[in-house]
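Visitor: My structure file structure.tsv, TSV, C-alpha atoms, is below:
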```tsv
chain	number	residue	atom	x	y	z
A	1	MET	CA	-128.22	20.43	94.75
A	2	SER	CA	-130.32	20.22	91.58
A	3	PHE	CA	-131.02	17.74	88.80
A	4	ASP	CA	-132.06	18.06	85.14
A	5	VAL	CA	-135.00	16.34	83.44
A	6	ASN	CA	-132.92	13.15	83.02
A	7	ASN	CA	-132.07	13.12	86.74
A	8	ASN	CA	-128.44	14.06	86.03
A	9	PHE	CA	-126.70	16.10	88.70
A	10	LEU	CA	-126.29	19.81	87.97
A	11	SER	CA	-123.59	21.71	89.80
A	12	THR	CA	-124.60	25.05	91.30
A	13	SER	CA	-121.12	25.98	92.57
A	14	LEU	CA	-119.54	29.16	91.31
A	15	GLY	CA	-116.31	27.46	90.35
A	16	SER	CA	-113.17	29.48	89.69
A	17	ASP	CA	-113.08	33.16	88.90
A	18	ARG	CA	-113.00	34.20	85.25
A	19	LYS	CA	-109.49	35.61	85.80
A	20	GLY	CA	-110.19	38.82	83.94
A	21	PHE	CA	-111.48	37.24	80.70
A	22	THR	CA	-114.75	39.15	80.47
A	23	THR	CA	-114.95	38.88	76.67
A	24	PRO	CA	-114.80	35.44	74.94
A	25	ASP	CA	-111.66	35.10	72.82
A	26	CYS	CA	-111.46	33.49	69.38
A	27	ASP	CA	-108.85	30.80	70.07
A	28	ALA	CA	-110.02	27.45	68.66
A	29	SER	CA	-106.99	25.38	69.68
A	30	GLU	CA	-103.30	25.57	70.36
A	31	PRO	CA	-101.80	27.35	67.35
A	32	ILE	CA	-99.47	24.55	66.18
A	33	GLN	CA	-101.59	21.44	66.74
A	34	PRO	CA	-105.19	22.13	65.65
A	35	TYR	CA	-108.18	19.91	64.99
A	36	LEU	CA	-110.03	20.54	61.74
A	37	PRO	CA	-113.86	20.68	61.64
A	38	TYR	CA	-113.95	17.11	60.24
A	39	SER	CA	-110.91	15.37	61.65
A	40	TYR	CA	-111.50	11.84	60.31
A	41	PRO	CA	-109.78	10.41	57.19
A	42	ALA	CA	-111.90	10.47	54.02
A	43	PRO	CA	-113.84	7.22	53.50
A	44	TRP	CA	-112.53	6.83	49.94
A	45	LEU	CA	-108.81	6.60	50.81
A	46	PRO	CA	-107.10	3.37	49.67
A	47	SER	CA	-105.23	1.17	52.13
A	48	LYS	CA	-101.51	1.83	52.56
A	49	ARG	CA	-100.87	-1.15	54.83
A	50	ARG	CA	-102.65	-3.28	57.44
A	51	ASP	CA	-102.09	-2.71	61.16
A	52	ASP	CA	-102.11	-6.18	62.72
A	53	ALA	CA	-101.76	-4.70	66.20
A	54	HIS	CA	-105.22	-3.17	65.89
A	55	PRO	CA	-107.94	-5.42	67.37
A	56	ALA	CA	-109.92	-5.32	64.13
A	57	GLY	CA	-106.84	-5.47	61.90
A	58	LEU	CA	-107.67	-2.16	60.25
A	59	ASN	CA	-105.92	-0.58	57.29
A	60	ILE	CA	-103.78	2.52	57.66
A	61	THR	CA	-104.81	5.12	55.08
A	62	ILE	CA	-102.64	8.05	56.23
A	63	SER	CA	-99.18	7.29	57.57
A	64	HIS	CA	-97.53	9.09	60.47
A	65	ALA	CA	-95.83	12.33	59.29
A	66	ASN	CA	-97.66	12.34	55.94
A	67	ILE	CA	-98.53	15.87	54.90
A	68	VAL	CA	-102.33	16.15	54.83
A	69	GLY	CA	-105.10	18.36	53.46
A	70	VAL	CA	-108.82	17.84	52.85
A	71	ASP	CA	-111.19	16.79	50.07
A	72	LYS	CA	-114.18	18.92	49.06
A	73	ASN	CA	-116.25	17.40	51.88
A	74	GLY	CA	-113.69	18.50	54.46
A	75	TYR	CA	-112.24	15.10	55.42
A	76	LEU	CA	-108.50	14.44	55.73
A	77	ILE	CA	-106.52	13.10	52.76
A	78	PRO	CA	-102.80	12.96	51.90
A	79	ALA	CA	-101.75	16.21	50.23
A	80	GLY	CA	-100.63	15.90	46.61
A	81	TYR	CA	-103.78	14.28	45.23
A	82	PHE	CA	-105.18	16.26	42.30
A	83	SER	CA	-108.44	16.21	40.36
A	84	GLY	CA	-110.10	17.68	37.27
A	85	THR	CA	-108.55	19.08	34.10
A	86	GLN	CA	-104.75	19.28	34.04
A	87	ALA	CA	-102.31	20.79	31.53
A	88	THR	CA	-101.89	19.20	28.11
A	89	LYS	CA	-99.84	16.02	27.85
A	90	ALA	CA	-97.01	17.94	26.15
A	91	ASN	CA	-96.89	20.41	29.04
A	92	GLY	CA	-96.76	17.81	31.80
A	93	GLY	CA	-100.47	17.17	32.30
A	94	LYS	CA	-101.02	13.96	34.26
A	95	PHE	CA	-103.69	11.42	35.14
A	96	CYS	CA	-104.50	10.85	38.83
A	97	VAL	CA	-105.58	7.28	39.57
A	98	ILE	CA	-106.69	5.96	42.96
A	99	GLU	CA	-105.72	2.28	43.14
A	100	TYR	CA	-107.55	-0.10	45.46
A	101	SER	CA	-106.66	-3.62	46.63
A	102	ALA	CA	-108.14	-6.63	48.40
A	103	ASP	CA	-107.60	-4.87	51.74
A	104	ASP	CA	-110.19	-2.28	50.72
A	105	LEU	CA	-112.97	-4.84	50.37
A	106	ALA	CA	-113.33	-6.31	53.87
A	107	LEU	CA	-114.65	-3.30	55.79
A	108	GLY	CA	-115.83	-1.21	52.86
A	109	THR	CA	-114.08	1.68	51.11
A	110	LEU	CA	-116.00	4.26	49.08
A	111	ASN	CA	-115.20	4.75	45.41
A	112	PRO	CA	-115.40	8.56	45.08
A	113	VAL	CA	-116.34	8.40	41.39
A	114	THR	CA	-119.18	5.86	41.55
A	115	GLY	CA	-120.35	6.69	45.08
A	116	VAL	CA	-120.57	3.00	46.06
A	117	ASN	CA	-118.17	0.67	47.87
A	118	VAL	CA	-115.13	-0.73	46.10
A	119	ALA	CA	-116.19	-4.08	44.62
A	120	THR	CA	-113.01	-5.70	43.26
A	121	ALA	CA	-109.38	-5.98	44.34
A	122	THR	CA	-108.18	-4.32	41.10
A	123	GLU	CA	-110.66	-1.44	41.05
A	124	CYS	CA	-109.37	2.04	40.21
A	125	ALA	CA	-110.91	5.51	40.25
A	126	LEU	CA	-109.77	8.14	37.73
A	127	ILE	CA	-110.14	11.67	39.16
A	128	ALA	CA	-107.86	13.81	36.93
A	129	ALA	CA	-106.75	13.85	33.29
A	130	PRO	CA	-104.79	16.08	30.87
A	131	SER	CA	-106.94	18.56	28.96
A	132	ASP	CA	-106.21	16.75	25.69
A	133	ALA	CA	-107.09	13.29	27.04
A	134	ASP	CA	-109.10	11.16	24.58
A	135	VAL	CA	-112.81	11.47	25.43
A	136	THR	CA	-113.75	9.56	22.30
A	137	HIS	CA	-111.79	6.35	22.60
A	138	GLY	CA	-110.58	6.36	26.22
A	139	GLU	CA	-107.06	6.12	27.62
A	140	THR	CA	-104.59	3.47	28.79
A	141	VAL	CA	-102.82	4.81	31.90
A	142	THR	CA	-99.63	3.50	33.57
A	143	LEU	CA	-100.16	3.04	37.32
A	144	ALA	CA	-97.91	3.91	40.26
A	145	ASP	CA	-95.56	0.94	39.90
A	146	GLY	CA	-94.55	2.19	36.45
A	147	VAL	CA	-95.42	-1.17	34.87
A	148	THR	CA	-99.09	-2.00	35.35
A	149	THR	CA	-101.57	-0.30	33.01
A	150	LYS	CA	-105.29	0.33	33.35
A	151	VAL	CA	-107.75	1.01	30.53
A	152	PHE	CA	-110.26	3.80	31.20
A	153	THR	CA	-113.29	4.32	29.00
A	154	ALA	CA	-114.18	7.57	27.25
A	155	ASP	CA	-116.90	8.20	29.85
A	156	GLN	CA	-114.44	7.74	32.71
A	157	VAL	CA	-111.98	10.16	31.12
A	158	ALA	CA	-114.73	12.74	30.55
A	159	ALA	CA	-115.84	12.42	34.20
A	160	ALA	CA	-112.24	12.87	35.41
A	161	LEU	CA	-111.92	16.15	33.49
A	162	LEU	CA	-114.96	17.48	35.38
A	163	CYS	CA	-114.01	16.04	38.79
A	164	THR	CA	-113.99	18.56	41.66
A	165	LEU	CA	-113.12	16.12	44.44
A	166	ILE	CA	-110.00	18.10	45.44
A	167	PRO	CA	-110.46	21.80	46.38
A	168	GLY	CA	-108.41	24.06	44.12
A	169	GLY	CA	-107.53	21.14	41.85
A	170	VAL	CA	-104.52	20.05	43.96
A	171	CYS	CA	-104.73	19.09	47.63
A	172	ARG	CA	-102.76	21.72	49.55
A	173	GLY	CA	-100.92	20.79	52.74
A	174	LEU	CA	-102.59	22.01	55.94
A	175	GLY	CA	-100.35	20.16	58.39
A	176	TYR	CA	-98.88	16.73	58.95
A	177	ALA	CA	-100.27	13.63	60.62
A	178	LEU	CA	-99.24	13.17	64.26
A	179	ARG	CA	-99.84	9.43	64.06
A	180	ASN	CA	-101.09	6.69	61.76
A	181	MET	CA	-104.73	7.17	60.81
A	182	TRP	CA	-106.92	4.13	60.30
A	183	GLN	CA	-109.62	3.94	57.67
A	184	ASN	CA	-112.87	5.72	58.40
A	185	LEU	CA	-115.27	3.15	59.88
A	186	PHE	CA	-118.39	5.28	59.46
A	187	ILE	CA	-120.68	4.58	56.50
A	188	PRO	CA	-121.01	7.87	54.57
A	189	ASP	CA	-124.32	9.21	53.32
A	190	VAL	CA	-123.64	9.95	49.64
A	191	THR	CA	-125.96	12.64	48.30
A	192	ASP	CA	-124.71	12.66	44.69
A	193	VAL	CA	-121.60	11.99	42.60
A	194	THR	CA	-121.47	15.25	40.65
A	195	GLY	CA	-117.79	16.04	40.19
A	196	GLY	CA	-116.94	13.23	42.59
A	197	ALA	CA	-118.88	11.95	45.58
A	198	ASN	CA	-120.57	14.52	47.80
A	199	TYR	CA	-121.08	12.84	51.17
A	200	ALA	CA	-121.74	13.48	54.84
A	201	ILE	CA	-120.79	11.37	57.87
A	202	ASN	CA	-122.82	11.22	61.07
A	203	THR	CA	-120.33	10.16	63.74
A	204	ASN	CA	-123.05	10.29	66.41
A	205	ASN	CA	-125.14	7.53	64.81
A	206	PRO	CA	-123.93	4.06	65.95
A	207	THR	CA	-125.90	2.35	63.17
A	208	LYS	CA	-123.50	3.96	60.70
A	209	LEU	CA	-120.48	2.10	62.12
A	210	ARG	CA	-119.13	-0.76	60.01
A	211	ILE	CA	-118.09	-2.58	63.21
A	212	THR	CA	-120.60	-2.70	66.08
A	213	ASN	CA	-119.84	-2.81	69.81
A	214	TYR	CA	-116.62	-1.01	69.05
A	215	GLN	CA	-115.29	2.36	70.13
A	216	PRO	CA	-113.83	4.07	67.04
A	217	GLU	CA	-110.75	6.24	67.27
A	218	PRO	CA	-111.33	9.91	68.11
A	219	GLY	CA	-110.65	12.74	65.71
A	220	ASN	CA	-107.12	13.47	64.56
A	221	ALA	CA	-105.21	16.67	65.24
A	222	ILE	CA	-102.53	17.78	62.79
A	223	ARG	CA	-99.28	19.63	63.51
A	224	THR	CA	-98.40	22.72	61.53
A	225	THR	CA	-94.87	23.68	62.58
A	226	PHE	CA	-92.14	21.11	63.19
A	227	VAL	CA	-88.94	19.59	61.81
A	228	LEU	CA	-89.23	16.09	60.33
A	229	ARG	CA	-86.43	13.64	59.57
A	230	MET	CA	-87.21	11.22	56.76
A	231	PRO	CA	-85.35	9.00	54.27
A	232	TRP	CA	-84.60	10.26	50.78
A	233	ILE	CA	-85.40	7.38	48.40
A	234	GLY	CA	-84.02	8.89	45.19
A	235	ALA	CA	-85.16	10.75	42.12
A	236	THR	CA	-88.28	8.58	41.72
A	237	PRO	CA	-90.24	6.28	44.05
A	238	ASN	CA	-88.64	3.27	42.29
A	239	THR	CA	-84.97	4.38	42.42
A	240	LEU	CA	-83.99	1.97	45.21
A	241	ALA	CA	-85.51	-1.03	43.45
A	242	ALA	CA	-83.63	-0.10	40.27
A	243	LEU	CA	-80.32	0.12	42.18
A	244	ALA	CA	-80.87	-3.30	43.76
A	245	THR	CA	-81.58	-4.85	40.36
A	246	THR	CA	-78.53	-3.23	38.71
A	247	ASP	CA	-76.21	-4.36	41.51
A	248	GLY	CA	-77.60	-7.89	41.72
A	249	ILE	CA	-78.97	-7.64	45.26
A	250	THR	CA	-81.04	-10.76	45.98
A	251	GLY	CA	-84.13	-11.01	48.14
A	252	TYR	CA	-84.88	-7.28	47.93
A	253	SER	CA	-88.16	-5.74	46.87
A	254	LEU	CA	-89.78	-2.34	47.28
A	255	PRO	CA	-93.52	-3.02	47.39
A	256	ALA	CA	-96.17	-0.39	48.07
A	257	PHE	CA	-96.05	-1.41	51.75
A	258	ASN	CA	-92.50	-0.08	52.15
A	259	LYS	CA	-93.16	3.10	50.18
A	260	SER	CA	-96.22	3.78	52.35
A	261	PHE	CA	-93.90	5.02	55.12
A	262	THR	CA	-93.09	8.73	54.98
A	263	HIS	CA	-90.20	9.65	52.67
A	264	PHE	CA	-88.72	12.33	50.39
A	265	THR	CA	-88.50	11.90	46.60
A	266	GLY	CA	-86.68	14.07	44.06
A	267	VAL	CA	-83.47	14.70	42.14
A	268	LEU	CA	-80.46	15.74	44.26
A	269	GLY	CA	-79.02	18.88	42.69
A	270	ASN	CA	-78.52	22.63	42.83
A	271	ALA	CA	-81.40	24.05	40.79
A	272	GLU	CA	-85.06	24.86	41.43
A	273	GLY	CA	-87.07	21.65	41.43
A	274	GLN	CA	-84.17	19.67	42.88
A	275	LEU	CA	-83.24	18.63	46.41
A	276	PHE	CA	-80.71	20.93	48.10
A	277	GLN	CA	-80.36	22.56	51.49
A	278	GLY	CA	-82.82	25.46	51.60
A	279	ALA	CA	-85.04	24.07	48.82
A	280	ARG	CA	-88.73	24.70	49.24
A	281	VAL	CA	-90.89	21.61	49.72
A	282	VAL	CA	-94.32	20.58	48.41
A	283	PRO	CA	-96.45	17.45	48.85
A	284	SER	CA	-95.44	14.86	46.27
A	285	THR	CA	-97.58	14.58	43.14
A	286	LEU	CA	-95.73	11.55	41.76
A	287	PRO	CA	-97.82	8.42	41.07
A	288	GLY	CA	-98.63	6.60	44.31
A	289	ASP	CA	-96.65	9.13	46.36
A	290	ALA	CA	-99.38	11.44	47.75
A	291	GLY	CA	-98.77	12.47	51.35
A	292	ASN	CA	-95.00	12.34	50.94
A	293	TYR	CA	-92.56	15.12	50.06
A	294	MET	CA	-90.71	16.48	47.01
A	295	PRO	CA	-88.86	19.69	46.01
A	296	TYR	CA	-90.87	22.67	44.79
A	297	ASP	CA	-90.54	23.24	41.03
A	298	PRO	CA	-91.94	26.60	39.85
A	299	ALA	CA	-92.52	25.07	36.40
A	300	LYS	CA	-94.84	22.40	37.83
A	301	HIS	CA	-96.20	23.65	41.17
A	302	ASN	CA	-98.22	26.55	42.48
A	303	PRO	CA	-96.57	28.55	45.31
A	304	GLY	CA	-99.64	27.79	47.40
A	305	GLN	CA	-98.53	24.15	47.52
A	306	ILE	CA	-95.36	24.94	49.50
A	307	VAL	CA	-95.41	23.42	53.00
A	308	GLY	CA	-91.86	24.11	54.20
A	309	HIS	CA	-88.20	23.97	53.27
A	310	VAL	CA	-85.20	21.64	53.52
A	311	MET	CA	-83.12	22.44	56.59
A	312	GLY	CA	-80.48	19.78	56.13
A	313	ILE	CA	-79.38	16.70	54.16
A	314	GLN	CA	-77.48	14.02	56.06
A	315	GLN	CA	-75.55	11.24	54.37
A	316	ALA	CA	-74.72	8.87	57.23
A	317	TYR	CA	-72.06	6.76	55.54
A	318	PRO	CA	-70.57	4.49	56.61
A	319	VAL	CA	-73.54	3.26	58.60
A	320	LYS	CA	-72.55	1.22	61.63
A	321	ASP	CA	-74.22	-0.81	64.36
A	322	PHE	CA	-74.81	0.58	67.82
A	323	ALA	CA	-74.73	-1.88	70.73
A	324	ASN	CA	-77.23	0.23	72.65
A	325	ARG	CA	-79.77	-0.30	69.88
A	326	VAL	CA	-80.15	-4.05	70.05
A	327	ARG	CA	-83.49	-5.70	69.57
A	328	THR	CA	-84.63	-9.31	69.72
A	329	GLN	CA	-87.12	-11.31	67.76
A	330	PHE	CA	-89.04	-11.78	71.00
A	331	GLU	CA	-90.04	-8.50	72.60
A	332	ARG	CA	-92.34	-8.11	75.59
A	333	GLY	CA	-93.53	-4.84	74.13
A	334	GLN	CA	-95.22	-6.72	71.29
A	335	GLN	CA	-97.61	-8.61	73.53
A	336	PHE	CA	-101.21	-7.62	72.99
A	337	LYS	CA	-103.91	-6.69	75.43
A	338	GLY	CA	-107.55	-7.55	74.88
A	339	ALA	CA	-109.06	-9.62	72.08
A	340	PHE	CA	-106.91	-9.96	68.98
A	341	SER	CA	-106.20	-12.30	66.11
A	342	GLU	CA	-102.47	-12.95	65.67
A	343	ARG	CA	-101.68	-13.06	61.93
A	344	ASN	CA	-97.93	-13.48	62.34
A	345	PRO	CA	-97.28	-16.05	65.10
A	346	THR	CA	-93.52	-16.16	64.44
A	347	GLN	CA	-93.07	-12.77	66.09
A	348	MET	CA	-94.08	-14.42	69.38
A	349	LEU	CA	-91.28	-17.01	69.15
A	350	MET	CA	-87.69	-16.80	70.32
A	351	GLY	CA	-85.25	-17.84	67.58
A	352	GLY	CA	-81.78	-18.54	69.03
A	353	SER	CA	-80.12	-15.42	70.41
A	354	ALA	CA	-82.14	-13.42	67.88
A	355	THR	CA	-80.09	-10.29	68.49
A	356	ARG	CA	-78.45	-7.88	66.14
A	357	GLY	CA	-77.17	-4.33	66.36
A	358	MET	CA	-79.66	-1.86	65.01
A	359	THR	CA	-78.21	0.45	62.37
A	360	TYR	CA	-78.47	4.20	62.83
A	361	GLN	CA	-80.18	4.41	59.45
A	362	VAL	CA	-83.35	2.43	60.06
A	363	SER	CA	-86.31	3.07	57.81
A	364	MET	CA	-89.09	0.96	56.37
A	365	GLY	CA	-88.99	3.41	53.46
A	366	THR	CA	-85.68	1.89	52.33
A	367	ASN	CA	-86.50	-1.65	53.48
A	368	GLY	CA	-83.03	-2.17	54.92
A	369	LEU	CA	-81.25	-2.01	51.55
A	370	PHE	CA	-77.97	-0.86	53.16
A	371	ARG	CA	-77.96	-4.04	55.26
A	372	ASN	CA	-78.49	-6.11	52.08
A	373	TYR	CA	-75.36	-4.61	50.53
A	374	ILE	CA	-73.30	-5.39	53.65
A	375	ASP	CA	-74.62	-8.94	54.12
A	376	GLN	CA	-74.17	-9.86	50.45
A	377	GLY	CA	-70.56	-8.62	50.29
A	378	LYS	CA	-71.27	-5.63	48.07
A	379	ALA	CA	-70.31	-2.84	50.46
A	380	ALA	CA	-67.65	-1.70	47.97
A	381	LEU	CA	-70.43	-0.47	45.67
A	382	LEU	CA	-71.60	2.04	48.26
A	383	GLY	CA	-70.28	5.52	48.96
A	384	ASP	CA	-70.84	7.20	45.59
A	385	ALA	CA	-73.53	9.64	44.46
A	386	ALA	CA	-75.55	6.96	42.67
A	387	HIS	CA	-76.04	5.00	45.90
A	388	ALA	CA	-76.65	8.00	48.16
A	389	PRO	CA	-80.44	7.29	48.44
A	390	ILE	CA	-79.58	4.15	50.43
A	391	TYR	CA	-78.11	6.10	53.36
A	392	THR	CA	-79.40	9.70	53.06
A	393	THR	CA	-81.95	11.41	55.29
A	394	VAL	CA	-83.58	14.81	54.84
A	395	LEU	CA	-84.58	17.34	57.51
A	396	VAL	CA	-87.68	19.32	56.50
A	397	MET	CA	-89.03	22.32	58.38
A	398	ILE	CA	-92.81	22.29	58.09
A	399	THR	CA	-94.20	25.83	58.37
A	400	LEU	CA	-97.97	25.94	58.05
A	401	SER	CA	-99.06	27.85	61.15
```
What is this structure when it is put down as structure tokens?
Guide:
Amino acid sequence: MSFDVNNNFLSTSLGSDRKGFTTPDCDASEPIQPYLPYSYPAPWLPSKRRDDAHPAGLNITISHANIVGVDKNGYLIPAGYFSGTQATKANGGKFCVIEYSADDLALGTLNPVTGVNVATATECALIAAPSDADVTHGETVTLADGVTTKVFTADQVAAALLCTLIPGGVCRGLGYALRNMWQNLFIPDVTDVTGGANYAINTNNPTKLRITNYQPEPGNAIRTTFVLRMPWIGATPNTLAALATTDGITGYSLPAFNKSFTHFTGVLGNAEGQLFQGARVVPSTLPGDAGNYMPYDPAKHNPGQIVGHVMGIQQAYPVKDFANRVRTQFERGQQFKGAFSERNPTQMLMGGSATRGMTYQVSMGTNGLFRNYIDQGKAALLGDAAHAPIYTTVLVMITLS
């Protein structure tokens, strides 16, 4: 028996035989579920939604099944973000705007352009612009909701044209997220902001944690080969909201919270760039849609952006209830363990029988719009091509191994 200088026990047993492996191999992980060198989310990612079940009430920055890549510092981000100089406006060149909110203020989120923490609930970071963007007078850019606009100065536009935050200009998919990823709680050491923040994160230094006496989540593996089932929400991220408005559906909204859940966006059709069985798939580059999925269009995308292909399209209509999928407003599985702050006390209450059959088509990405049509007596409007996004799911084969 022996001990090291810190009086820790050192084993002197021979252990098991090397089983014939006399030369070290080069395997770094299982081939379809690897860890990357830096497996934490980037500290500049905006909040998608808040996870009240987490003891600290953290924000989710990468949603389960989002396709992910890395920024230039090697940290995980949703694929589809792009930076630097794009094509001209006439040839489809776009602005890329990172939008922050009040949820990004509490625990600190890095602005990758300024290199300091986000300071206001309406702060935005411009990281890409068309090559003919106005560097003399600035630009007014429409944000992800298609309505809100943001004015960027000439200096901000010029900086966006030179931004190198995303390797290769467009974040390529390396795999997809196995689970929700919370915001990075480590304070980054920003060295400079040339072309976007250059930073390093020391995960072994407890003084760099934004929350003390807390064990942060471990690194995140990604999966590279799998079939995903997700809702198709129409030609654009706002198609469902437009349908609800046209048909007079009351009490329905499609906020960023709902669209933060993994989904497929694109025109259903039979040509390249449209959604059909066998279509190739890329990470979405639509405003506010990074990390989600869209059809590959050779006129807009580089072949290196392809992450898989569409294996099937399922239109489950009519949708019906299943008695074996009944849930109640009061569920034992929602009780918490350990210290927590309950922000929604009604979920702990029992309201009458509080039971209802759960539909086969259940997705936060559609926010239960099919159920709205049934409950409001407008089921007769369903069943045609225009309403297909309400009850259509897409099977995507991810092939990145």
Visitor: Need the shell around A:Asp289: protein/DNA/RNA residues with any atom at most 10 Å away, counting all atoms listed in the file. Skip same-chain ones fewer than 6 positions apart. Format as a ChimeraX atom specification?
Guide: /A:78-81,144,236-237,256,259-260,262-265,283
Visitor: Keeping C-alpha atoms for every residue in the selection just given, could you write it to a file as an mmCIF file, keeping the file's coordinate frame?
Guide:
```cif
data_model
loop_
_atom_site.group_PDB
_atom_site.id
_atom_site.type_symbol
_atom_site.label_atom_id
_atom_site.label_comp_id
_atom_site.auth_asym_id
_atom_site.auth_seq_id
_atom_site.Cartn_x
_atom_site.Cartn_y
_atom_site.Cartn_z
ATOM 1 C CA PRO A 78 -102.800 12.960 51.900
ATOM 2 C CA ALA A 79 -101.750 16.210 50.230
ATOM 3 C CA GLY A 80 -100.630 15.900 46.610
ATOM 4 C CA TYR A 81 -103.780 14.280 45.230
ATOM 5 C CA ALA A 144 -97.910 3.910 40.260
ATOM 6 C CA THR A 236 -88.280 8.580 41.720
ATOM 7 C CA PRO A 237 -90.240 6.280 44.050
ATOM 8 C CA ALA A 256 -96.170 -0.390 48.070
ATOM 9 C CA LYS A 259 -93.160 3.100 50.180
ATOM 10 C CA SER A 260 -96.220 3.780 52.350
ATOM 11 C CA THR A 262 -93.090 8.730 54.980
ATOM 12 C CA HIS A 263 -90.200 9.650 52.670
ATOM 13 C CA PHE A 264 -88.720 12.330 50.390
ATOM 14 C CA THR A 265 -88.500 11.900 46.600
ATOM 15 C CA PRO A 283 -96.450 17.450 48.850
#
```
Visitor: With only C-alpha atoms counted, which protein, DNA or RNA residues have an atom no more than 7 Å from (-87.5, 24.7, 39.1) in the file frame? Please answer as a ChimeraX atom specification.
Guide: /A:271-273,296-299
Visitor: Have a look at A:Ala242, A:Ala129, A:Ile233, A:Ile398 and name the one nearest to A:Asn66; count only C-alpha atoms.
Guide: A:Ile398
Visitor: Which residues are close to A:Cys96, i.e. within 8 Å by only C-alpha atoms, leaving aside same-chain residues fewer than 6 positions away? Reply as a PyMOL selection string.
Guide: chain A and resi 81-83+126-129+287
Visitor: Atom CA of A:Glu99 and atom CA of A:Leu143, how far apart in Å?
Guide: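 These two atoms are separated by 8.1 Å.
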